[in-house]
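As stored in query-v3.cif (mmCIF, C-alpha atoms, pLDDT in the B column; chains and numbers go by the auth columns):
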data_my_file
#
loop_
_atom_site.group_PDB
_atom_site.id
_atom_site.type_symbol
_atom_site.label_atom_id
_atom_site.label_comp_id
_atom_site.label_asym_id
_atom_site.label_seq_id
_atom_site.Cartn_x
_atom_site.Cartn_y
_atom_site.Cartn_z
_atom_site.B_iso_or_equiv
_atom_site.auth_seq_id
_atom_site.auth_asym_id
ATOM 1 C CA GLU A 1 -109.512 111.657 -88.642 48.00 1 A
ATOM 2 C CA ASN A 2 -112.800 109.896 -87.885 44.00 2 A
ATOM 3 C CA LYS A 3 -111.738 109.459 -84.262 45.00 3 A
ATOM 4 C CA ALA A 4 -110.861 113.144 -83.999 44.00 4 A
ATOM 5 C CA THR A 5 -114.203 114.116 -85.531 46.00 5 A
ATOM 6 C CA GLY A 6 -116.051 111.770 -83.189 47.00 6 A
ATOM 7 C CA GLY A 7 -114.235 113.194 -80.161 46.00 7 A
ATOM 8 C CA LYS A 8 -115.113 116.716 -81.271 47.00 8 A
ATOM 9 C CA HIS A 9 -118.794 115.807 -81.565 49.00 9 A
ATOM 10 C CA ASN A 10 -118.721 114.156 -78.158 46.00 10 A
ATOM 11 C CA ASN A 11 -117.226 117.293 -76.579 45.00 11 A
ATOM 12 C CA GLN A 12 -119.835 119.463 -78.252 51.00 12 A
ATOM 13 C CA TYR A 13 -122.581 117.166 -77.040 46.00 13 A
ATOM 14 C CA ALA A 14 -121.237 117.294 -73.469 43.00 14 A
ATOM 15 C CA LEU A 15 -121.039 121.095 -73.529 46.00 15 A
ATOM 16 C CA SER A 16 -124.560 121.284 -74.906 50.00 16 A
ATOM 17 C CA PHE A 17 -125.842 118.960 -72.192 47.00 17 A
ATOM 18 C CA ILE A 18 -124.225 121.025 -69.443 45.00 18 A
ATOM 19 C CA ARG A 19 -125.576 124.264 -70.929 50.00 19 A
ATOM 20 C CA ASP A 20 -129.126 122.876 -71.103 53.00 20 A
ATOM 21 C CA ALA A 21 -128.880 121.633 -67.529 47.00 21 A
ATOM 22 C CA LEU A 22 -127.771 125.069 -66.320 46.00 22 A
ATOM 23 C CA LEU A 23 -130.608 126.749 -68.218 49.00 23 A
ATOM 24 C CA ASN A 24 -133.145 124.354 -66.687 49.00 24 A
ATOM 25 C CA LEU A 25 -131.766 125.014 -63.243 43.00 25 A
ATOM 26 C CA GLN A 26 -131.951 128.767 -63.790 47.00 26 A
ATOM 27 C CA GLU A 27 -135.583 128.528 -64.980 50.00 27 A
ATOM 28 C CA SER A 28 -136.570 126.421 -61.954 45.00 28 A
ATOM 29 C CA VAL A 29 -134.999 128.976 -59.630 41.00 29 A
ATOM 30 C CA MET A 30 -136.858 131.828 -61.372 47.00 30 A
ATOM 31 C CA ILE A 31 -140.133 129.905 -61.096 44.00 31 A
ATOM 32 C CA SER A 32 -139.543 129.290 -57.393 43.00 32 A
ATOM 33 C CA ASP A 33 -138.854 132.985 -56.871 43.00 33 A
ATOM 34 C CA GLU A 34 -142.048 133.939 -58.699 46.00 34 A
ATOM 35 C CA GLU A 35 -144.101 131.498 -56.626 45.00 35 A
ATOM 36 C CA TYR A 36 -142.541 132.849 -53.473 41.00 36 A
ATOM 37 C CA GLU A 37 -143.341 136.431 -54.450 44.00 37 A
ATOM 38 C CA TYR A 38 -146.877 135.456 -55.367 39.00 38 A
ATOM 39 C CA ASP A 39 -147.555 133.686 -52.082 44.00 39 A
ATOM 40 C CA TYR A 40 -146.148 136.494 -49.965 36.00 40 A
ATOM 41 C CA ASP A 41 -148.780 139.173 -49.249 45.00 41 A
ATOM 42 C CA TYR A 42 -147.021 142.510 -49.136 38.00 42 A
ATOM 43 C CA SER A 43 -150.319 144.291 -48.349 45.00 43 A
ATOM 44 C CA SER A 44 -150.133 142.940 -44.800 44.00 44 A
ATOM 45 C CA GLY A 45 -147.082 145.059 -44.050 45.00 45 A
ATOM 46 C CA ASP A 46 -149.139 147.685 -42.185 46.00 46 A
ATOM 47 C CA GLU A 47 -150.783 145.097 -39.948 46.00 47 A
ATOM 48 C CA GLU A 48 -149.179 143.811 -36.768 46.00 48 A
ATOM 49 C CA TYR A 49 -148.169 140.194 -37.057 43.00 49 A
ATOM 50 C CA ASP A 50 -149.189 138.027 -34.114 51.00 50 A
ATOM 51 C CA TYR A 51 -146.189 135.854 -33.257 44.00 51 A
ATOM 52 C CA SER A 52 -147.023 132.545 -31.667 50.00 52 A
ATOM 53 C CA GLU A 53 -144.885 130.452 -29.328 50.00 53 A
ATOM 54 C CA ASN A 54 -144.134 128.136 -32.213 51.00 54 A
ATOM 55 C CA ASP A 55 -142.664 131.036 -34.168 49.00 55 A
ATOM 56 C CA GLU A 56 -140.410 131.935 -31.238 50.00 56 A
ATOM 57 C CA ASN A 57 -139.324 128.326 -30.820 50.00 57 A
ATOM 58 C CA ASP A 58 -138.555 128.119 -34.524 49.00 58 A
ATOM 59 C CA MET A 59 -136.456 131.284 -34.283 50.00 59 A
ATOM 60 C CA VAL A 60 -134.548 129.980 -31.245 47.00 60 A
ATOM 61 C CA GLU A 61 -133.939 126.650 -32.941 48.00 61 A
ATOM 62 C CA CYS A 62 -132.771 128.378 -36.097 48.00 62 A
ATOM 63 C CA ASN A 63 -130.393 130.624 -34.151 51.00 63 A
ATOM 64 C CA THR A 64 -129.069 127.641 -32.230 47.00 64 A
ATOM 65 C CA ILE A 65 -128.360 125.745 -35.436 46.00 65 A
ATOM 66 C CA GLN A 66 -126.628 128.793 -36.883 49.00 66 A
ATOM 67 C CA ASN A 67 -124.532 129.222 -33.737 51.00 67 A
ATOM 68 C CA ILE A 68 -123.508 125.572 -33.774 45.00 68 A
ATOM 69 C CA SER A 69 -122.615 125.758 -37.447 48.00 69 A
ATOM 70 C CA ASN A 70 -120.378 128.739 -36.701 54.00 70 A
ATOM 71 C CA PHE A 71 -118.122 126.659 -34.467 50.00 71 A
ATOM 72 C CA PRO A 72 -115.093 125.406 -36.409 51.00 72 A
ATOM 73 C CA PRO A 73 -114.642 121.626 -36.516 54.00 73 A
ATOM 74 C CA PRO A 74 -112.110 120.333 -33.979 59.00 74 A
ATOM 75 C CA SER A 75 -108.565 120.083 -35.251 80.00 75 A
ATOM 76 C CA VAL A 76 -107.301 116.516 -35.188 79.00 76 A
ATOM 77 C CA CYS A 77 -103.758 115.306 -35.620 84.00 77 A
ATOM 78 C CA PHE A 78 -102.336 111.813 -35.740 83.00 78 A
ATOM 79 C CA MET A 79 -99.264 110.749 -33.840 85.00 79 A
ATOM 80 C CA SER A 80 -97.589 107.634 -32.589 87.00 80 A
ATOM 81 C CA ALA A 81 -98.637 106.468 -29.131 84.00 81 A
ATOM 82 C CA LYS A 82 -95.006 106.722 -28.072 86.00 82 A
ATOM 83 C CA ASP A 83 -95.119 110.455 -28.787 88.00 83 A
ATOM 84 C CA LEU A 84 -97.654 110.802 -25.945 89.00 84 A
ATOM 85 C CA LEU A 85 -95.256 109.239 -23.438 90.00 85 A
ATOM 86 C CA PRO A 86 -93.486 112.541 -22.536 92.00 86 A
ATOM 87 C CA GLU A 87 -96.873 114.186 -21.936 91.00 87 A
ATOM 88 C CA MET A 88 -97.953 111.352 -19.649 93.00 88 A
ATOM 89 C CA ASN A 89 -94.664 111.390 -17.746 94.00 89 A
ATOM 90 C CA ASP A 90 -94.845 115.173 -17.268 95.00 90 A
ATOM 91 C CA ARG A 91 -98.293 114.845 -15.708 94.00 91 A
ATOM 92 C CA ILE A 92 -97.049 112.099 -13.417 96.00 92 A
ATOM 93 C CA LYS A 93 -94.117 114.259 -12.287 97.00 93 A
ATOM 94 C CA ASP A 94 -96.362 117.262 -11.644 97.00 94 A
ATOM 95 C CA ILE A 95 -98.707 115.216 -9.436 97.00 95 A
ATOM 96 C CA ALA A 96 -95.771 113.611 -7.618 96.00 96 A
ATOM 97 C CA GLU A 97 -94.400 117.056 -6.744 96.00 97 A
ATOM 98 C CA THR A 98 -97.797 118.476 -5.845 96.00 98 A
ATOM 99 C CA LEU A 99 -98.746 115.627 -3.498 95.00 99 A
ATOM 100 C CA ASP A 100 -95.196 114.819 -2.377 94.00 100 A
ATOM 101 C CA VAL A 101 -95.488 111.148 -3.324 94.00 101 A
ATOM 102 C CA PRO A 102 -93.250 108.833 -5.412 93.00 102 A
ATOM 103 C CA GLU A 103 -93.791 108.972 -9.156 95.00 103 A
ATOM 104 C CA SER A 104 -94.815 105.312 -9.131 94.00 104 A
ATOM 105 C CA ALA A 105 -97.611 106.235 -6.714 96.00 105 A
ATOM 106 C CA ALA A 106 -98.571 109.340 -8.720 96.00 106 A
ATOM 107 C CA ALA A 107 -99.055 107.202 -11.843 96.00 107 A
ATOM 108 C CA ILE A 108 -101.480 104.916 -10.006 96.00 108 A
ATOM 109 C CA LEU A 109 -103.349 107.839 -8.451 97.00 109 A
ATOM 110 C CA LEU A 110 -103.867 109.424 -11.862 96.00 110 A
ATOM 111 C CA ARG A 111 -104.845 106.142 -13.467 94.00 111 A
ATOM 112 C CA GLU A 112 -107.425 105.382 -10.783 94.00 112 A
ATOM 113 C CA HIS A 113 -108.949 108.846 -11.340 94.00 113 A
ATOM 114 C CA SER A 114 -109.144 108.499 -15.144 92.00 114 A
ATOM 115 C CA TRP A 115 -105.987 110.607 -15.558 93.00 115 A
ATOM 116 C CA SER A 116 -107.901 113.684 -14.416 92.00 116 A
ATOM 117 C CA ASP A 117 -105.743 116.001 -12.305 93.00 117 A
ATOM 118 C CA GLN A 118 -108.799 117.882 -11.103 93.00 118 A
ATOM 119 C CA ASN A 119 -110.692 114.792 -9.943 94.00 119 A
ATOM 120 C CA LEU A 120 -107.612 113.398 -8.233 96.00 120 A
ATOM 121 C CA LEU A 121 -106.685 116.570 -6.367 96.00 121 A
ATOM 122 C CA GLU A 122 -110.251 117.149 -5.219 96.00 122 A
ATOM 123 C CA ALA A 123 -110.572 113.608 -3.858 96.00 123 A
ATOM 124 C CA TYR A 124 -107.068 113.548 -2.396 96.00 124 A
ATOM 125 C CA PHE A 125 -107.324 116.788 -0.437 95.00 125 A
ATOM 126 C CA ASN A 126 -110.749 115.795 0.892 95.00 126 A
ATOM 127 C CA SER A 127 -109.559 112.419 2.193 95.00 127 A
ATOM 128 C CA PRO A 128 -105.914 111.554 1.425 94.00 128 A
ATOM 129 C CA ASP A 129 -105.761 108.402 3.555 93.00 129 A
ATOM 130 C CA GLU A 130 -108.917 106.984 2.009 95.00 130 A
ATOM 131 C CA VAL A 131 -107.696 107.698 -1.531 96.00 131 A
ATOM 132 C CA LYS A 132 -104.333 106.054 -0.855 95.00 132 A
ATOM 133 C CA ARG A 133 -106.037 103.019 0.661 93.00 133 A
ATOM 134 C CA LYS A 134 -108.419 102.577 -2.297 94.00 134 A
ATOM 135 C CA CYS A 135 -105.553 102.925 -4.777 95.00 135 A
ATOM 136 C CA GLY A 136 -103.340 100.421 -2.954 94.00 136 A
ATOM 137 C CA LEU A 137 -100.806 103.031 -1.874 95.00 137 A
ATOM 138 C CA LYS A 138 -101.285 103.091 1.877 90.00 138 A
ATOM 139 C CA HIS A 139 -97.691 102.041 2.587 91.00 139 A
ATOM 140 C CA ARG A 140 -95.907 103.297 -0.521 91.00 140 A
ATOM 141 C CA CYS A 141 -96.670 106.894 0.329 87.00 141 A
ATOM 142 C CA SER A 142 -95.243 106.501 3.842 76.00 142 A
ATOM 143 C CA PRO A 143 -91.590 107.663 3.932 53.00 143 A
ATOM 144 C CA GLN A 144 -90.720 105.092 6.599 48.00 144 A
ATOM 145 C CA LYS A 145 -91.733 102.149 4.411 44.00 145 A
ATOM 146 C CA MET A 146 -90.312 102.895 0.983 40.00 146 A
ATOM 147 C CA LEU A 147 -89.337 100.069 -1.373 41.00 147 A
ATOM 148 C CA MET A 148 -86.017 98.543 -0.350 42.00 148 A
ATOM 149 C CA SER A 149 -83.967 95.369 -0.735 43.00 149 A
ATOM 150 C CA ASP A 150 -83.603 93.204 2.329 40.00 150 A
ATOM 151 C CA TYR A 151 -79.980 92.051 2.627 40.00 151 A
ATOM 152 C CA GLN A 152 -80.643 90.256 5.856 50.00 152 A
ATOM 153 C CA LYS A 153 -81.531 86.616 6.243 60.00 153 A
ATOM 154 C CA GLY A 154 -85.068 86.150 4.943 73.00 154 A
ATOM 155 C CA PHE A 155 -87.717 83.597 4.187 82.00 155 A
ATOM 156 C CA CYS A 156 -89.720 83.530 0.923 87.00 156 A
ATOM 157 C CA PRO A 157 -93.323 82.467 1.599 88.00 157 A
ATOM 158 C CA ILE A 158 -93.799 81.446 -2.050 89.00 158 A
ATOM 159 C CA CYS A 159 -91.014 78.888 -2.548 90.00 159 A
ATOM 160 C CA TYR A 160 -90.435 78.340 1.195 85.00 160 A
ATOM 161 C CA GLU A 161 -86.725 78.927 0.751 83.00 161 A
ATOM 162 C CA THR A 162 -84.574 80.811 3.229 81.00 162 A
ATOM 163 C CA VAL A 163 -82.277 83.221 1.423 76.00 163 A
ATOM 164 C CA GLU A 164 -78.978 84.066 3.045 69.00 164 A
ATOM 165 C CA SER A 165 -77.884 87.655 3.277 54.00 165 A
ATOM 166 C CA SER A 166 -74.911 87.011 0.998 47.00 166 A
ATOM 167 C CA ASP A 167 -77.254 86.119 -1.850 51.00 167 A
ATOM 168 C CA GLU A 168 -78.880 89.553 -1.861 68.00 168 A
ATOM 169 C CA ASN A 169 -81.868 87.802 -3.363 80.00 169 A
ATOM 170 C CA ILE A 170 -84.786 89.223 -1.389 84.00 170 A
ATOM 171 C CA LEU A 171 -87.041 92.131 -2.288 87.00 171 A
ATOM 172 C CA LYS A 172 -89.408 93.696 0.195 86.00 172 A
ATOM 173 C CA MET A 173 -92.443 95.649 -0.999 87.00 173 A
ATOM 174 C CA ALA A 174 -93.508 98.898 0.636 88.00 174 A
ATOM 175 C CA CYS A 175 -96.095 96.930 2.613 89.00 175 A
ATOM 176 C CA GLY A 176 -93.324 94.872 4.217 86.00 176 A
ATOM 177 C CA HIS A 177 -93.961 91.566 2.441 89.00 177 A
ATOM 178 C CA GLN A 178 -90.770 90.073 1.055 88.00 178 A
ATOM 179 C CA PHE A 179 -90.071 87.407 -1.557 91.00 179 A
ATOM 180 C CA CYS A 180 -87.033 86.040 -3.323 90.00 180 A
ATOM 181 C CA LEU A 181 -86.181 87.541 -6.694 91.00 181 A
ATOM 182 C CA ASP A 182 -86.846 84.297 -8.550 92.00 182 A
ATOM 183 C CA CYS A 183 -90.407 84.178 -7.261 94.00 183 A
ATOM 184 C CA TRP A 184 -90.766 87.878 -7.874 94.00 184 A
ATOM 185 C CA HIS A 185 -89.692 87.431 -11.510 95.00 185 A
ATOM 186 C CA ASN A 186 -92.146 84.592 -12.086 96.00 186 A
ATOM 187 C CA TYR A 187 -94.938 86.585 -10.468 96.00 187 A
ATOM 188 C CA CYS A 188 -94.297 89.679 -12.632 96.00 188 A
ATOM 189 C CA ALA A 189 -93.969 87.595 -15.812 95.00 189 A
ATOM 190 C CA HIS A 190 -97.278 85.862 -15.132 95.00 190 A
ATOM 191 C CA ALA A 191 -98.982 89.200 -14.439 95.00 191 A
ATOM 192 C CA ILE A 192 -97.784 90.738 -17.722 94.00 192 A
ATOM 193 C CA GLN A 193 -98.966 87.670 -19.622 93.00 193 A
ATOM 194 C CA ASN A 194 -102.484 88.721 -18.614 90.00 194 A
ATOM 195 C CA GLY A 195 -102.156 91.748 -20.883 93.00 195 A
ATOM 196 C CA PRO A 196 -103.432 95.245 -20.036 92.00 196 A
ATOM 197 C CA ALA A 197 -104.820 94.035 -16.698 94.00 197 A
ATOM 198 C CA CYS A 198 -101.244 93.682 -15.426 95.00 198 A
ATOM 199 C CA ILE A 199 -101.216 97.336 -14.370 95.00 199 A
ATOM 200 C CA LEU A 200 -103.801 96.410 -11.705 95.00 200 A
ATOM 201 C CA THR A 201 -101.604 93.725 -10.099 96.00 201 A
ATOM 202 C CA THR A 202 -101.166 93.826 -6.331 96.00 202 A
ATOM 203 C CA CYS A 203 -98.738 92.331 -3.807 95.00 203 A
ATOM 204 C CA PRO A 204 -98.147 88.545 -4.099 95.00 204 A
ATOM 205 C CA GLU A 205 -99.440 88.192 -0.556 93.00 205 A
ATOM 206 C CA SER A 206 -103.083 87.181 -1.086 90.00 206 A
ATOM 207 C CA THR A 207 -104.387 89.283 1.793 92.00 207 A
ATOM 208 C CA CYS A 208 -102.525 92.457 0.765 93.00 208 A
ATOM 209 C CA SER A 209 -103.927 95.110 -1.587 93.00 209 A
ATOM 210 C CA GLU A 210 -100.719 97.135 -2.015 95.00 210 A
ATOM 211 C CA ALA A 211 -100.278 97.919 -5.709 95.00 211 A
ATOM 212 C CA LEU A 212 -97.461 96.538 -7.818 95.00 212 A
ATOM 213 C CA THR A 213 -95.548 99.285 -9.645 94.00 213 A
ATOM 214 C CA GLU A 214 -92.723 99.840 -12.080 93.00 214 A
ATOM 215 C CA GLU A 215 -90.296 99.880 -9.157 93.00 215 A
ATOM 216 C CA GLU A 216 -90.716 96.170 -8.438 93.00 216 A
ATOM 217 C CA ILE A 217 -90.618 95.202 -12.118 94.00 217 A
ATOM 218 C CA LYS A 218 -87.503 97.297 -12.703 94.00 218 A
ATOM 219 C CA ILE A 219 -85.656 95.258 -10.051 92.00 219 A
ATOM 220 C CA CYS A 220 -87.192 91.801 -10.524 91.00 220 A
ATOM 221 C CA ALA A 221 -87.914 91.640 -14.264 93.00 221 A
ATOM 222 C CA PRO A 222 -86.212 94.554 -16.056 95.00 222 A
ATOM 223 C CA GLU A 223 -86.717 92.907 -19.459 95.00 223 A
ATOM 224 C CA LEU A 224 -90.497 93.229 -18.919 95.00 224 A
ATOM 225 C CA LEU A 225 -90.475 96.859 -17.826 95.00 225 A
ATOM 226 C CA GLN A 226 -91.076 98.281 -21.313 93.00 226 A
ATOM 227 C CA LYS A 227 -94.084 96.055 -21.846 94.00 227 A
ATOM 228 C CA PHE A 228 -95.552 97.116 -18.508 95.00 228 A
ATOM 229 C CA GLN A 229 -95.031 100.779 -19.429 93.00 229 A
ATOM 230 C CA THR A 230 -96.681 100.157 -22.811 92.00 230 A
ATOM 231 C CA TYR A 231 -99.812 98.847 -21.110 94.00 231 A
ATOM 232 C CA GLN A 232 -99.879 101.896 -18.864 94.00 232 A
ATOM 233 C CA LEU A 233 -99.574 104.152 -21.913 93.00 233 A
ATOM 234 C CA ARG A 234 -102.460 102.306 -23.580 92.00 234 A
ATOM 235 C CA ASN A 235 -104.570 103.005 -20.510 93.00 235 A
ATOM 236 C CA TYR A 236 -103.649 106.687 -20.750 93.00 236 A
ATOM 237 C CA VAL A 237 -104.763 106.842 -24.392 91.00 237 A
ATOM 238 C CA GLU A 238 -107.992 104.907 -23.904 90.00 238 A
ATOM 239 C CA VAL A 239 -109.163 106.915 -20.887 88.00 239 A
ATOM 240 C CA ASN A 240 -108.204 110.330 -22.278 83.00 240 A
ATOM 241 C CA PRO A 241 -111.348 111.973 -23.793 81.00 241 A
ATOM 242 C CA LYS A 242 -109.215 113.732 -26.421 82.00 242 A
ATOM 243 C CA THR A 243 -107.481 110.673 -27.827 86.00 243 A
ATOM 244 C CA ARG A 244 -108.680 107.675 -29.807 86.00 244 A
ATOM 245 C CA TRP A 245 -106.818 104.730 -31.291 85.00 245 A
ATOM 246 C CA CYS A 246 -106.816 104.334 -35.048 84.00 246 A
ATOM 247 C CA PRO A 247 -109.338 101.540 -35.818 83.00 247 A
ATOM 248 C CA GLY A 248 -106.919 99.912 -38.270 83.00 248 A
ATOM 249 C CA ARG A 249 -105.762 96.491 -37.171 83.00 249 A
ATOM 250 C CA GLY A 250 -102.339 96.647 -35.567 81.00 250 A
ATOM 251 C CA CYS A 251 -102.067 100.422 -36.047 84.00 251 A
ATOM 252 C CA GLU A 252 -100.345 102.306 -33.218 83.00 252 A
ATOM 253 C CA GLN A 253 -101.394 105.757 -34.419 88.00 253 A
ATOM 254 C CA VAL A 254 -103.528 107.903 -32.121 88.00 254 A
ATOM 255 C CA ALA A 255 -106.018 110.580 -33.181 86.00 255 A
ATOM 256 C CA CYS A 256 -105.633 113.591 -30.883 85.00 256 A
ATOM 257 C CA ALA A 257 -108.151 116.421 -30.702 82.00 257 A
ATOM 258 C CA GLN A 258 -106.497 119.807 -30.325 73.00 258 A
ATOM 259 C CA GLY A 259 -107.903 122.869 -28.635 60.00 259 A
#
Full structure transcribed into structure tokens:
Amino acid sequence: ENKATGGKHNNQYALSFIRDALLNLQESVMISDEEYEYDYDYSSGDEEYDYSENDENDMVECNTIQNISNFPPPSVCFMSAKDLLPEMNDRIKDIAETLDVPESAAAILLREHSWSDQNLLEAYFNSPDEVKRKCGLKHRCSPQKMLMSDYQKGFCPICYETVESSDENILKMACGHQFCLDCWHNYCAHAIQNGPACILTTCPESTCSEALTEEEIKICAPELLQKFQTYQLRNYVEVNPKTRWCPGRGCEQVACAQG
């Protein structure tokens, strides 16, 4: 019974405190209104007020703030990075069809132009040969020199082994440089060990700037293809102005701004 009585008194005290606080707030508002009415000179209503530049600037600033506050906050959704893969692949396919280039080349073109279709198309149509050269696609975009396997007798300049045609163990890049599949596999594995920078790998020939793509990895090191594609997807997320990685350690969720 004592506890119940004490709880009742506590509730009454809390209600009383809230009521007094509200009354004090109301009185302070009334006082502020009275001061405002006292300071404002209504007798000057018939006189023309001389606006200064400061007044106009204040009005513009006020309107600007009001206009900004009227904009709704951007809508943000969270999704797995893998859910962005179809979007990335669709953009690659669209560019490949538009420019009539292989999808492997379209991916590099987009990546080198920050995944901006507009920037890429503008640069490409102004100087296609120069863009292809800078992106390491000079030969890949030439129909006569597409990626192919060399079933003829060949020499690997990495291991200095001559591979017989029966072995079917030689892969020639679009630039024409060929290497045995064992050396190709080791080269791709070493590149992917470097992490995200692997997507910038070029031909094993030291003097060649032709870009390495998914096509070579798919043939020489298929077990590493998914990892290579993951690094390319990470590049797509990090460069995209509308996406940001979740800052949580090890989290693969991406914040995407909509609209």
Of the candidates A:Ile217, A:Leu233, A:Ile199, A:Ala257, which one gets nearest to Glu87 of chain A if we count only C-alpha atoms?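 Of the candidates, the smallest distance to Glu87 of chain A is held by A:Leu233.
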Residues at most 10 Å from Gln229 of chain A, counting all atoms listed in the file, excluding those fewer than 3 positions away in the same chain, as a PyMOL selection string? chain A and resi 85+199+213-214+224-226+232-235
Long-range neighbours of His113 of chain A as a ChimeraX atom specification, 10 Å cut-off, all atoms listed in the file, 6 positions minimum in chain: /A:119-121,123,131,135,239
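Comparing A:Trp184, A:Ile192, A:Ile92, A:Glu130 by their smallest distance to Lys227 of chain A, the closest is A:Ile192 (using only C-alpha atoms).
When only C-alpha atoms are used to measure the gap to Val254 of chain A, the shortest distance among A:His185, A:Lys218, A:Lys82, A:His190 belongs to A:Lys82.
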Top pick for closest residue to Ala189 of chain A, considering A:Leu137, A:Pro222, A:Lys93, A:Pro157 and counting only C-alpha atoms: A:Pro222
Taking all atoms of segment 212-216 of chain A that appear in the file, build a box with edges along x, y and z, extend it by 4 Å on every side, and state its centre and edge lengths in Å to one decimal, as AutoDock Vina command-line options.
--center_x -93.9 --center_y 98.0 --center_z -9.9 --size_x 15.2 --size_y 11.7 --size_z 12.3
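Rounded to one decimal, atom CA of Asp94 of chain A and atom CA of Ser127 of chain A lie 19.7 Å from each other.
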Separation of atom CA of Glu252 of chain A and atom CA of Ser104 of chain A, in Å? 24.9 Å
Applied to the shown file, which residues does the PyMOL selection byres ((chain A and resi 177) around 10) return, written as a PyMOL selection string? chain A and resi 156-157+171-176+178-179+203-205+208+210
